[in-house]
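Student: This one is final_26.csv, CSV, C-alpha atoms and all ligand atoms.
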```csv
chain,number,residue,atom,x,y,z
A,745,MET,CA,54.2,72.2,-3.0
A,746,MET,CA,52.0,69.6,-4.4
A,747,LEU,CA,53.1,66.3,-6.0
A,748,ASP,CA,52.1,67.9,-9.2
A,749,MET,CA,51.1,64.9,-11.3
A,750,VAL,CA,47.5,65.9,-11.3
A,751,SER,CA,46.3,68.1,-14.1
A,752,GLU,CA,45.7,71.9,-13.6
A,753,LYS,CA,42.0,71.4,-14.2
A,754,SER,CA,41.5,68.7,-11.6
A,755,LYS,CA,43.7,70.7,-9.2
A,756,ARG,CA,41.2,73.5,-9.5
A,757,ALA,CA,38.4,71.1,-8.9
A,758,LYS,CA,40.3,69.7,-5.9
A,759,ALA,CA,40.9,73.2,-4.5
A,760,ALA,CA,37.2,73.0,-3.7
A,761,VAL,CA,37.6,69.8,-1.8
A,762,PRO,CA,38.4,70.0,2.0
A,763,ALA,CA,42.1,69.5,2.7
A,764,ALA,CA,41.5,66.2,4.5
A,765,GLN,CA,40.2,64.7,1.3
A,766,ASP,CA,42.8,66.1,-0.9
A,767,HIS,CA,45.2,63.2,-1.4
A,768,ASP,CA,47.9,65.2,-3.3
A,769,ALA,CA,51.2,64.4,-1.6
A,770,PRO,CA,53.9,67.0,-1.0
A,771,GLU,CA,56.7,67.2,-3.5
A,772,ALA,CA,59.9,68.2,-1.7
A,773,ASN,CA,62.3,65.4,-0.6
A,774,THR,CA,62.4,66.1,3.0
A,775,ALA,CA,63.1,63.3,5.5
A,776,ASP,CA,59.6,62.6,6.8
A,777,GLN,CA,57.7,62.9,3.6
A,778,GLY,CA,56.3,59.8,2.0
A,779,GLY,CA,57.6,58.2,-1.2
A,780,VAL,CA,55.7,54.9,-0.6
A,781,LEU,CA,55.0,53.1,-3.8
A,782,ALA,CA,52.4,50.4,-3.7
A,783,LEU,CA,51.7,47.9,-6.4
A,784,GLY,CA,48.4,46.0,-6.3
A,785,GLY,CA,47.7,43.1,-8.6
A,786,VAL,CA,49.7,44.7,-11.4
A,787,GLU,CA,49.5,43.0,-14.8
A,788,ALA,CA,51.3,44.1,-17.9
A,789,PHE,CA,50.6,43.1,-21.4
A,790,TYR,CA,52.2,43.4,-24.9
A,791,GLY,CA,49.1,42.9,-27.0
A,792,SER,CA,47.6,39.7,-25.7
A,793,PHE,CA,50.8,38.5,-24.2
A,794,ARG,CA,50.9,38.8,-20.4
A,795,ALA,CA,54.4,39.7,-19.4
A,796,VAL,CA,53.7,40.4,-15.8
A,797,ASN,CA,51.0,38.7,-13.7
A,798,ASN,CA,49.4,39.8,-10.5
A,799,VAL,CA,52.3,41.6,-8.8
A,800,SER,CA,51.5,43.1,-5.4
A,801,LEU,CA,54.4,44.8,-3.6
A,802,GLU,CA,54.9,47.6,-1.2
A,803,VAL,CA,58.1,49.5,-1.9
A,804,GLN,CA,59.6,51.3,1.1
A,805,PRO,CA,60.4,55.0,0.9
A,806,ARG,CA,64.0,56.2,1.0
A,807,ALA,CA,65.4,52.7,0.7
A,808,VAL,CA,66.6,50.6,-2.1
A,809,THR,CA,64.5,47.7,-3.4
A,810,ALA,CA,66.2,45.3,-5.8
A,811,LEU,CA,64.2,43.3,-8.4
A,812,ILE,CA,65.9,40.1,-9.3
A,813,GLY,CA,65.0,37.1,-11.4
A,814,PRO,CA,65.8,35.2,-14.6
A,815,SER,CA,65.9,36.9,-18.0
A,816,GLY,CA,62.5,37.5,-19.5
A,817,CYS,CA,60.5,37.4,-16.2
A,818,GLY,CA,59.3,40.9,-16.6
A,819,LYS,CA,61.5,43.0,-14.4
A,820,SER,CA,62.0,45.8,-17.0
A,821,THR,CA,58.4,45.6,-17.9
A,822,LEU,CA,57.3,46.0,-14.3
A,823,LEU,CA,59.7,48.9,-13.8
A,824,ARG,CA,58.2,50.7,-16.8
A,825,THR,CA,54.7,50.3,-15.5
A,826,ILE,CA,55.7,52.2,-12.4
A,827,ASN,CA,56.5,55.5,-14.3
A,828,ARG,CA,53.9,54.8,-17.0
A,829,MET,CA,56.5,54.2,-19.7
A,830,HIS,CA,55.1,50.8,-20.5
A,831,GLU,CA,52.0,52.4,-22.1
A,832,THR,CA,54.2,54.3,-24.6
A,833,ILE,CA,54.9,51.0,-26.4
A,834,PRO,CA,52.2,50.3,-29.1
A,835,GLY,CA,49.7,47.7,-27.9
A,836,ALA,CA,51.1,47.7,-24.4
A,837,THR,CA,48.6,47.9,-21.5
A,838,VAL,CA,48.6,47.7,-17.7
A,839,LYS,CA,46.0,46.5,-15.2
A,840,GLY,CA,45.9,46.7,-11.4
A,841,SER,CA,46.9,49.6,-9.3
A,842,ILE,CA,50.1,51.5,-8.6
A,843,THR,CA,50.0,54.3,-6.0
A,844,LEU,CA,52.6,56.8,-4.8
A,845,ASP,CA,51.7,58.1,-1.4
A,846,GLY,CA,48.2,57.0,-2.0
A,847,ILE,CA,47.8,58.7,-5.3
A,848,ASP,CA,46.7,56.3,-8.1
A,849,LEU,CA,49.3,56.9,-10.8
A,850,TYR,CA,46.8,55.6,-13.4
A,851,ASP,CA,44.0,57.8,-12.3
A,852,ALA,CA,42.3,59.6,-15.2
A,853,ASP,CA,43.3,62.9,-13.5
A,854,VAL,CA,47.0,62.0,-13.4
A,855,ASP,CA,49.2,63.2,-16.2
A,856,ALA,CA,51.7,60.5,-17.4
A,857,VAL,CA,54.3,63.1,-18.3
A,858,ARG,CA,54.3,64.4,-14.7
A,859,VAL,CA,54.5,60.9,-13.3
A,860,ARG,CA,57.7,60.4,-15.3
A,861,ARG,CA,59.1,63.5,-13.7
A,862,VAL,CA,58.3,62.5,-10.2
A,863,ILE,CA,59.4,58.9,-10.9
A,864,GLY,CA,62.7,59.2,-12.8
A,865,MET,CA,64.5,56.5,-14.7
A,866,VAL,CA,68.1,55.4,-15.3
A,867,PHE,CA,68.7,52.9,-18.0
A,868,GLN,CA,71.1,50.0,-18.6
A,869,LYS,CA,73.1,51.9,-21.2
A,870,PRO,CA,74.1,55.5,-20.3
A,871,ASN,CA,72.1,57.7,-22.6
A,872,PRO,CA,73.1,61.3,-22.3
A,873,PHE,CA,71.5,63.5,-24.9
A,874,PRO,CA,74.1,63.2,-27.7
A,875,THR,CA,74.0,66.8,-29.0
A,876,MET,CA,74.0,68.4,-25.5
A,877,SER,CA,76.8,69.5,-23.3
A,878,ILE,CA,77.3,68.1,-19.8
A,879,TYR,CA,75.6,71.3,-18.4
A,880,GLU,CA,72.7,71.1,-20.8
A,881,ASN,CA,72.1,67.4,-20.2
A,882,VAL,CA,71.5,68.2,-16.5
A,883,ALA,CA,69.5,71.3,-17.3
A,884,ALA,CA,67.3,69.7,-20.0
A,885,GLY,CA,64.5,68.5,-17.8
A,886,LEU,CA,64.2,71.8,-16.0
A,887,ARG,CA,64.2,73.7,-19.3
A,888,LEU,CA,61.3,71.6,-20.4
A,889,LEU,CA,59.4,72.5,-17.3
A,890,GLY,CA,60.3,76.2,-17.9
A,891,ARG,CA,60.1,77.0,-14.2
A,892,THR,CA,63.8,77.5,-13.2
A,893,PRO,CA,64.9,81.1,-13.7
A,894,LYS,CA,68.2,81.5,-15.6
A,895,SER,CA,69.9,82.9,-12.5
A,896,GLU,CA,69.1,79.7,-10.6
A,897,MET,CA,70.0,77.2,-13.3
A,898,ASP,CA,73.8,77.1,-12.5
A,899,GLY,CA,73.1,76.4,-8.9
A,900,VAL,CA,70.7,73.5,-9.7
A,901,VAL,CA,73.1,72.0,-12.2
A,902,GLU,CA,75.9,72.2,-9.8
A,903,SER,CA,73.9,70.7,-6.9
A,904,SER,CA,72.6,67.9,-9.1
A,905,LEU,CA,76.1,67.0,-10.3
A,906,ARG,CA,77.4,67.1,-6.8
A,907,ARG,CA,74.6,64.8,-5.6
A,908,ALA,CA,75.5,62.4,-8.4
A,909,ALA,CA,79.2,62.5,-7.3
A,910,LEU,CA,80.3,63.9,-10.6
A,911,TRP,CA,80.9,67.6,-10.0
A,912,ASP,CA,84.6,67.5,-9.2
A,913,GLU,CA,85.3,65.5,-12.4
A,914,VAL,CA,83.4,67.8,-14.7
A,915,LYS,CA,83.3,71.3,-13.2
A,916,GLU,CA,86.1,72.5,-15.5
A,917,LYS,CA,84.4,71.2,-18.7
A,918,LEU,CA,80.7,71.7,-18.4
A,919,LYS,CA,80.4,72.8,-22.0
A,920,GLN,CA,81.9,69.6,-23.4
A,921,PRO,CA,79.5,67.1,-24.9
A,922,GLY,CA,77.9,64.7,-22.3
A,923,THR,CA,79.1,61.9,-24.6
A,924,SER,CA,82.7,62.8,-24.1
A,925,LEU,CA,82.6,61.3,-20.6
A,926,SER,CA,83.5,57.7,-19.7
A,927,GLY,CA,80.7,55.2,-19.4
A,928,GLY,CA,80.6,55.4,-15.6
A,929,GLN,CA,80.7,59.2,-15.7
A,930,GLN,CA,77.9,59.2,-18.3
A,931,GLN,CA,75.8,57.0,-16.1
A,932,ARG,CA,76.3,59.5,-13.2
A,933,LEU,CA,75.4,62.3,-15.6
A,934,CYS,CA,72.2,60.5,-16.3
A,935,ILE,CA,71.6,60.2,-12.6
A,936,ALA,CA,72.3,63.9,-12.2
A,937,ARG,CA,69.8,64.6,-15.1
A,938,ALA,CA,67.2,62.4,-13.4
A,939,ILE,CA,67.5,64.1,-10.0
A,940,ALA,CA,67.7,67.7,-11.3
A,941,VAL,CA,63.9,67.7,-11.6
A,942,GLN,CA,63.5,66.6,-8.0
A,943,PRO,CA,61.9,63.3,-8.4
A,944,ARG,CA,60.5,61.3,-5.5
A,945,VAL,CA,61.4,57.9,-6.9
A,946,LEU,CA,64.3,56.6,-9.0
A,947,LEU,CA,63.9,53.5,-11.1
A,948,MET,CA,67.2,51.9,-12.4
A,949,ASP,CA,67.2,49.1,-14.9
A,950,GLU,CA,70.6,47.3,-14.6
A,951,PRO,CA,72.4,50.7,-14.3
A,952,CYS,CA,75.8,49.1,-13.9
A,953,SER,CA,75.7,46.3,-16.5
A,954,ALA,CA,77.7,48.3,-19.1
A,955,LEU,CA,80.3,49.5,-16.5
A,956,ASP,CA,83.6,48.2,-15.3
A,957,PRO,CA,83.9,47.1,-11.6
A,958,VAL,CA,85.4,50.4,-10.4
A,959,ALA,CA,82.6,52.5,-12.1
A,960,THR,CA,80.1,50.0,-10.8
A,961,LEU,CA,81.3,50.4,-7.2
A,962,LYS,CA,81.0,54.1,-7.6
A,963,ILE,CA,77.5,54.0,-8.8
A,964,GLU,CA,76.6,51.5,-6.0
A,965,GLU,CA,78.0,54.0,-3.4
A,966,LEU,CA,76.0,56.7,-5.0
A,967,ILE,CA,72.8,54.6,-4.9
A,968,ARG,CA,73.4,54.1,-1.2
A,969,GLU,CA,73.7,57.8,-0.7
A,970,LEU,CA,70.7,58.7,-2.8
A,971,ALA,CA,68.6,56.2,-0.7
A,972,ALA,CA,68.6,58.8,2.1
A,973,ASP,CA,66.3,61.0,0.0
A,974,TYR,CA,64.8,58.8,-2.7
A,975,THR,CA,62.8,55.7,-3.1
A,976,ILE,CA,64.9,53.6,-5.3
A,977,VAL,CA,64.0,50.5,-7.3
A,978,ILE,CA,66.8,48.8,-9.1
A,979,VAL,CA,66.8,45.8,-11.4
A,980,THR,CA,70.0,43.8,-11.3
A,981,HIS,CA,71.3,40.4,-12.5
A,982,ASN,CA,74.3,40.7,-10.1
A,983,MET,CA,73.5,39.0,-6.8
A,984,GLN,CA,76.4,40.6,-5.1
A,985,GLN,CA,75.2,43.9,-6.2
A,986,ALA,CA,71.7,43.2,-4.9
A,987,SER,CA,73.0,42.2,-1.5
A,988,ARG,CA,75.4,45.2,-1.3
A,989,VAL,CA,73.1,47.8,-2.4
A,990,SER,CA,69.5,46.9,-1.5
A,991,ASP,CA,67.5,47.0,1.7
A,992,SER,CA,64.7,44.8,0.3
A,993,THR,CA,64.7,42.3,-2.5
A,994,ALA,CA,61.8,41.0,-4.7
A,995,PHE,CA,62.4,37.8,-6.5
A,996,PHE,CA,60.4,37.1,-9.7
A,997,SER,CA,60.0,34.0,-11.8
A,998,MET,CA,58.0,32.9,-14.9
A,999,ASP,CA,55.0,30.6,-15.0
A,1000,GLU,CA,54.4,28.1,-17.7
A,1001,ASN,CA,53.0,30.8,-20.0
A,1002,ARG,CA,56.1,32.9,-19.5
A,1003,ALA,CA,54.2,35.4,-17.5
A,1004,GLY,CA,56.4,36.9,-14.8
A,1005,TYR,CA,55.2,36.8,-11.2
A,1006,LEU,CA,56.5,37.7,-7.8
A,1007,VAL,CA,57.8,34.7,-5.9
A,1008,GLU,CA,58.6,36.5,-2.7
A,1009,ALA,CA,59.9,39.8,-1.3
A,1010,GLY,CA,61.5,40.7,1.9
A,1011,PRO,CA,64.5,42.2,3.6
A,1012,THR,CA,67.6,41.5,1.5
A,1013,PRO,CA,69.5,39.5,4.1
A,1014,MET,CA,66.4,37.3,4.5
A,1015,ILE,CA,66.0,36.7,0.8
A,1016,PHE,CA,69.6,35.8,0.4
A,1017,THR,CA,70.1,33.6,3.5
A,1018,SER,CA,66.7,32.2,4.5
A,1019,PRO,CA,64.1,32.7,1.8
A,1020,LYS,CA,60.7,31.1,2.3
A,1021,GLU,CA,60.6,29.6,-1.2
A,1022,SER,CA,63.0,26.9,-2.4
A,1023,LEU,CA,62.8,28.5,-5.9
A,1024,THR,CA,64.3,31.7,-4.4
A,1025,GLU,CA,67.0,29.7,-2.6
A,1026,SER,CA,68.0,28.0,-5.9
A,1027,TYR,CA,68.1,31.3,-7.8
A,1028,VAL,CA,70.2,33.2,-5.3
A,1029,ALA,CA,72.5,30.3,-5.0
A,1030,GLY,CA,73.0,30.5,-8.8
A,1031,ARG,CA,71.4,27.2,-9.6
A,1032,PHE,CA,69.3,28.6,-12.4
A,1033,GLY,CA,68.6,31.8,-14.3
A,1101,LIG,N1,58.4,45.7,-26.5
A,1101,LIG,C1,58.0,44.5,-26.3
A,1101,LIG,N2,57.1,43.9,-27.1
A,1101,LIG,C2,56.7,42.6,-26.9
A,1101,LIG,N3,57.1,41.8,-26.0
A,1101,LIG,C3,58.1,42.3,-25.1
A,1101,LIG,C4,58.5,43.7,-25.3
A,1101,LIG,N4,59.5,43.9,-24.3
A,1101,LIG,C5,59.5,42.8,-23.6
A,1101,LIG,N5,58.7,41.8,-24.1
A,1101,LIG,C6,58.5,40.5,-23.5
A,1101,LIG,O1,58.0,40.6,-22.2
A,1101,LIG,C7,58.7,39.6,-21.3
A,1101,LIG,C8,59.4,40.3,-20.2
A,1101,LIG,O2,60.4,41.1,-20.8
A,1101,LIG,P1,61.3,42.0,-19.9
A,1101,LIG,O3,62.2,42.8,-20.8
A,1101,LIG,O4,60.4,42.8,-19.0
A,1101,LIG,O5,62.1,41.0,-19.0
A,1101,LIG,P2,63.3,41.2,-18.0
A,1101,LIG,O6,63.0,40.4,-16.7
A,1101,LIG,O7,63.7,42.6,-17.9
A,1101,LIG,O8,64.5,40.4,-18.8
A,1101,LIG,P3,66.1,40.7,-18.8
A,1101,LIG,O9,66.6,40.2,-17.4
A,1101,LIG,O10,66.6,39.9,-19.9
A,1101,LIG,O11,66.3,42.2,-19.0
A,1101,LIG,C9,59.6,38.8,-22.3
A,1101,LIG,O12,58.9,37.6,-22.6
A,1101,LIG,C10,59.8,39.7,-23.4
A,1101,LIG,O13,60.0,39.0,-24.6
A,1102,MG,MG,65.3,43.8,-18.4
```
Now that the file is in, can you turn its structure into structure tokens?
Ligand SMILES: Nc1ncnc2c1ncn2[C@@H]1O[C@H](COP(=O)(O)OP(=O)(O)OP(=O)(O)O)[C@@H](O)[C@H]1O
Ligand SMILES: [Mg+2]
Tutor:
Amino acid sequence: MMLDMVSEKSKRAKAAVPAAQDHDAPEANTADQGGVLALGGVEAFYGSFRAVNNVSLEVQPRAVTALIGPSGCGKSTLLRTINRMHETIPGATVKGSITLDGIDLYDADVDAVRVRRVIGMVFQKPNPFPTMSIYENVAAGLRLLGRTPKSEMDGVVESSLRRAALWDEVKEKLKQPGTSLSGGQQQRLCIARAIAVQPRVLLMDEPCSALDPVATLKIEELIRELAADYTIVIVTHNMQQASRVSDSTAFFSMDENRAGYLVEAGPTPMIFTSPKESLTESYVAGRFG
């Protein structure tokens, strides 16, 4: 299967291209298949305001990368550039390059809607579709794609809910509204919804900030499990969470024009115990931000 972000038209054009030059990556989440995200000189603007400046970062596949830094340094903005949600905001633009397994996500041939399927997102506040049942929330993305036969839907919904560590809690009440669940369950429902369409990458913007400590630990455990199959990028303000859950950490700050920039990135234990930059050391020690 192909990564499927490229339009049908250009796929047909590419069919004429020898395989070695066809840089479409495989879609299935099997152990040895890609998922490498690379950001090169990424800049993000709201009108003329530069919210993110010159961020270059290689995100490891099937691992968790935490984005940390003070409020307003552009973490959410950067996350939204990765799945092309930033450009849905009027006046918002992106420069630089973002690739997934070598495919330029901003290539003219690449369809933004498909990018958002391959790169799923989970938000700060759990946002199940309010009029839909638990079942329908998970099935929604697949229904939009229209490719999953009715006979297979139950199986996909179940496996997505199992993967999101929610199945046992909801299997008897799949027809109840998604909004009838607790906050932590709703967040796991949103994770189930995101993984139902078989993404490659999961972006999470402070996914635990609205949850109590028990629900938070459950989501963190789930994130660790999902990292076996997905490339995960998580924004968090919680330093303990970043150190518990992530393999790599990227620390951002703001310049004098309030543009966010990457201070440094590296293995999480290194960033937390022996960062190269004194700014990082001050931040992780809780001295600012
Ligand atoms: N929709 C928008 N329109 C205009 N400016 C925006 C918009 N969203 C964010 N900004 C600005 O872009 C900058 C970065 O915001 P962003 O939300 O990405 O920061 P953040 O690091 O996620 O902060 P927080 O930790 O508080 O969530 C801020 O100066 C913010 O005011
Ligand atoms: Mg944010």
Student: Skipping near chain neighbours, those fewer than 3 positions away, what residues fall within 8 Å of range 1012-1022 of chain A using all atoms listed in the file, listed as a list in words?
Tutor: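 Listing them by chain and then by number gives Ala986, Ser987, Ser990, Asp991, Ser992, Thr993, Val1007, Glu1008, Ala1009, Glu1025, Ser1026 and Val1028 of chain A.
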Student: Counting all atoms listed in the file, which residue out of A:Tyr974, A:Tyr1005, A:Phe996, A:Trp911 sits closest to Thr1024 in chain A?
Tutor: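 Of the candidates, the smallest distance to Thr1024 in chain A is held by A:Phe996.
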Student: Can you tell me, as a PyMOL selection string, what residues are no more than 7 Å from Val859 in chain A when counting only C-alpha atoms, ignoring any on the same chain fewer than 3 positions away?
Tutor: chain A and resi 749+827+855-856+862-863
Student: What does the list of residues within 8 Å of ligand MG 1102 (chain A) look like if you count only C-alpha atoms and all ligand atoms, written as an mmCIF file with C-alpha atoms, in the coordinates of the input?
Tutor:
```cif
data_model
loop_
_atom_site.group_PDB
_atom_site.id
_atom_site.type_symbol
_atom_site.label_atom_id
_atom_site.label_comp_id
_atom_site.auth_asym_id
_atom_site.auth_seq_id
_atom_site.Cartn_x
_atom_site.Cartn_y
_atom_site.Cartn_z
ATOM 1 C CA SER A 815 65.900 36.900 -18.000
ATOM 2 C CA GLY A 816 62.500 37.500 -19.500
ATOM 3 C CA GLY A 818 59.300 40.900 -16.600
ATOM 4 C CA LYS A 819 61.500 43.000 -14.400
ATOM 5 C CA SER A 820 62.000 45.800 -17.000
ATOM 6 C CA THR A 821 58.400 45.600 -17.900
ATOM 7 C CA ASP A 949 67.200 49.100 -14.900
ATOM 8 C CA GLU A 950 70.600 47.300 -14.600
ATOM 9 C CA VAL A 979 66.800 45.800 -11.400
#
```
Student: What does the structure give for the distance between CA of Arg937 in chain A and CA of Arg860 in chain A, in Å to one decimal?
Tutor: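 One can read the CA of Arg937 in chain A to CA of Arg860 in chain A distance as 12.8 Å.
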